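Enquirer: I have a structure I would like to understand better, so I am pasting it below and will then ask my questions one at a time.
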Amino acid sequence: MKNSTYLSTISTVLIMLVLTACGTEEAEQPRNDTDLNTDAAAEVITPIDNTEWELLSLRGEAIELSSQDRPTPSISFSAQEGRVLGHAGCNQFTGSYRYEDIEGLSFGQIARTKMMCPDMEVENKYMAVLEETADFTITGDNLILLSETGEELAVFQAVHI
């Protein structure tokens, strides 16, 4: 009887140690970006790389495309190549980009095709925004390009992952 009480006590202590160790190990795990989001359980963060992003707004204004502007302006990033490519509303573009946690996001020289469309307003604003971009944030399936001062320059929505 003494042995069964002794084994029961040891078993209880071992179970408590295992449960405590599991809880401690989990508490010591580093938090990832989704842990910083209060809606993390309900929201999945879309990766910037290998995603096609369609332009929704420039400087807080929804983009309005004329019938000649096809397809919708978009952007895609390839981290492996350090390249960005997209469509500006009339012309296609490509170039380099760099992202570092401390320095943020910046675009290198952007090359565009040279088609002339009747309405180049959206395209010209879009290209100017890329030049001003200093960082970005992703909220759910929205990519937001930011200026050096944190001003929202452009908002995109993920359309193809």
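Naming scheme: A, B, ... for chains in displayed order of the structure tokens; residues 1 onward per chain; ligands 1 onward as shown.
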Distance table requested - range 120-147 of chain A against range 87-97 of chain A, cut-off 10 Å, only C-alpha atoms: one row per qualifying residue with the closest atom pair and its distance in Å to one decimal, ordered by chain and rising residue number, as a tab-separated table.
Expert:
```
residue	atom	partner	partner_atom	distance
A:Met120	CA	A:Cys90	CA	7.3
A:Glu121	CA	A:Gly89	CA	9.3
A:Val122	CA	A:Gly89	CA	6.9
A:Glu123	CA	A:Ala88	CA	5.0
A:Asn124	CA	A:Ala88	CA	8.2
A:Lys125	CA	A:Ala88	CA	9.4
A:Tyr126	CA	A:Ala88	CA	6.8
A:Met127	CA	A:Ala88	CA	7.5
```
Enquirer: Give me a file of those residues, with N, CA and C atoms, as a JSON list (two decimals), in the first residue's frame.
Expert:
```json
[["chain", "number", "residue", "atom", "x", "y", "z"],
["A", 120, "MET", "N", -3.37, 59.46, -68.60],
["A", 120, "MET", "CA", -2.19, 58.96, -67.90],
["A", 120, "MET", "C", -2.15, 59.42, -66.43],
["A", 121, "GLU", "N", -3.23, 60.05, -65.95],
["A", 121, "GLU", "CA", -3.24, 60.63, -64.61],
["A", 121, "GLU", "C", -2.96, 59.60, -63.52],
["A", 122, "VAL", "N", -3.69, 58.48, -63.53],
["A", 122, "VAL", "CA", -3.50, 57.45, -62.50],
["A", 122, "VAL", "C", -2.08, 56.89, -62.57],
["A", 123, "GLU", "N", -1.63, 56.60, -63.77],
["A", 123, "GLU", "CA", -0.29, 56.03, -63.94],
["A", 123, "GLU", "C", 0.79, 56.98, -63.42],
["A", 124, "ASN", "N", 0.70, 58.25, -63.75],
["A", 124, "ASN", "CA", 1.71, 59.20, -63.30],
["A", 124, "ASN", "C", 1.72, 59.34, -61.77],
["A", 125, "LYS", "N", 0.54, 59.35, -61.16],
["A", 125, "LYS", "CA", 0.46, 59.43, -59.69],
["A", 125, "LYS", "C", 1.02, 58.16, -59.06],
["A", 126, "TYR", "N", 0.72, 57.03, -59.65],
["A", 126, "TYR", "CA", 1.19, 55.74, -59.15],
["A", 126, "TYR", "C", 2.72, 55.69, -59.17],
["A", 127, "MET", "N", 3.32, 56.08, -60.27],
["A", 127, "MET", "CA", 4.78, 56.06, -60.38],
["A", 127, "MET", "C", 5.42, 57.04, -59.39]]
```
Enquirer: Quick one: residues within 9 Å of Ala154 in chain A, only C-alpha atoms, excluding same-chain residues fewer than 4 positions away - as a list in words?
Expert: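 Within the cut-off, the hits are Leu55, Leu56, Ser57, Leu58, Arg59, Gly60, Glu61, Tyr126, Val129, Leu130, Leu143, Ile144, Leu145 and Leu146 of chain A.
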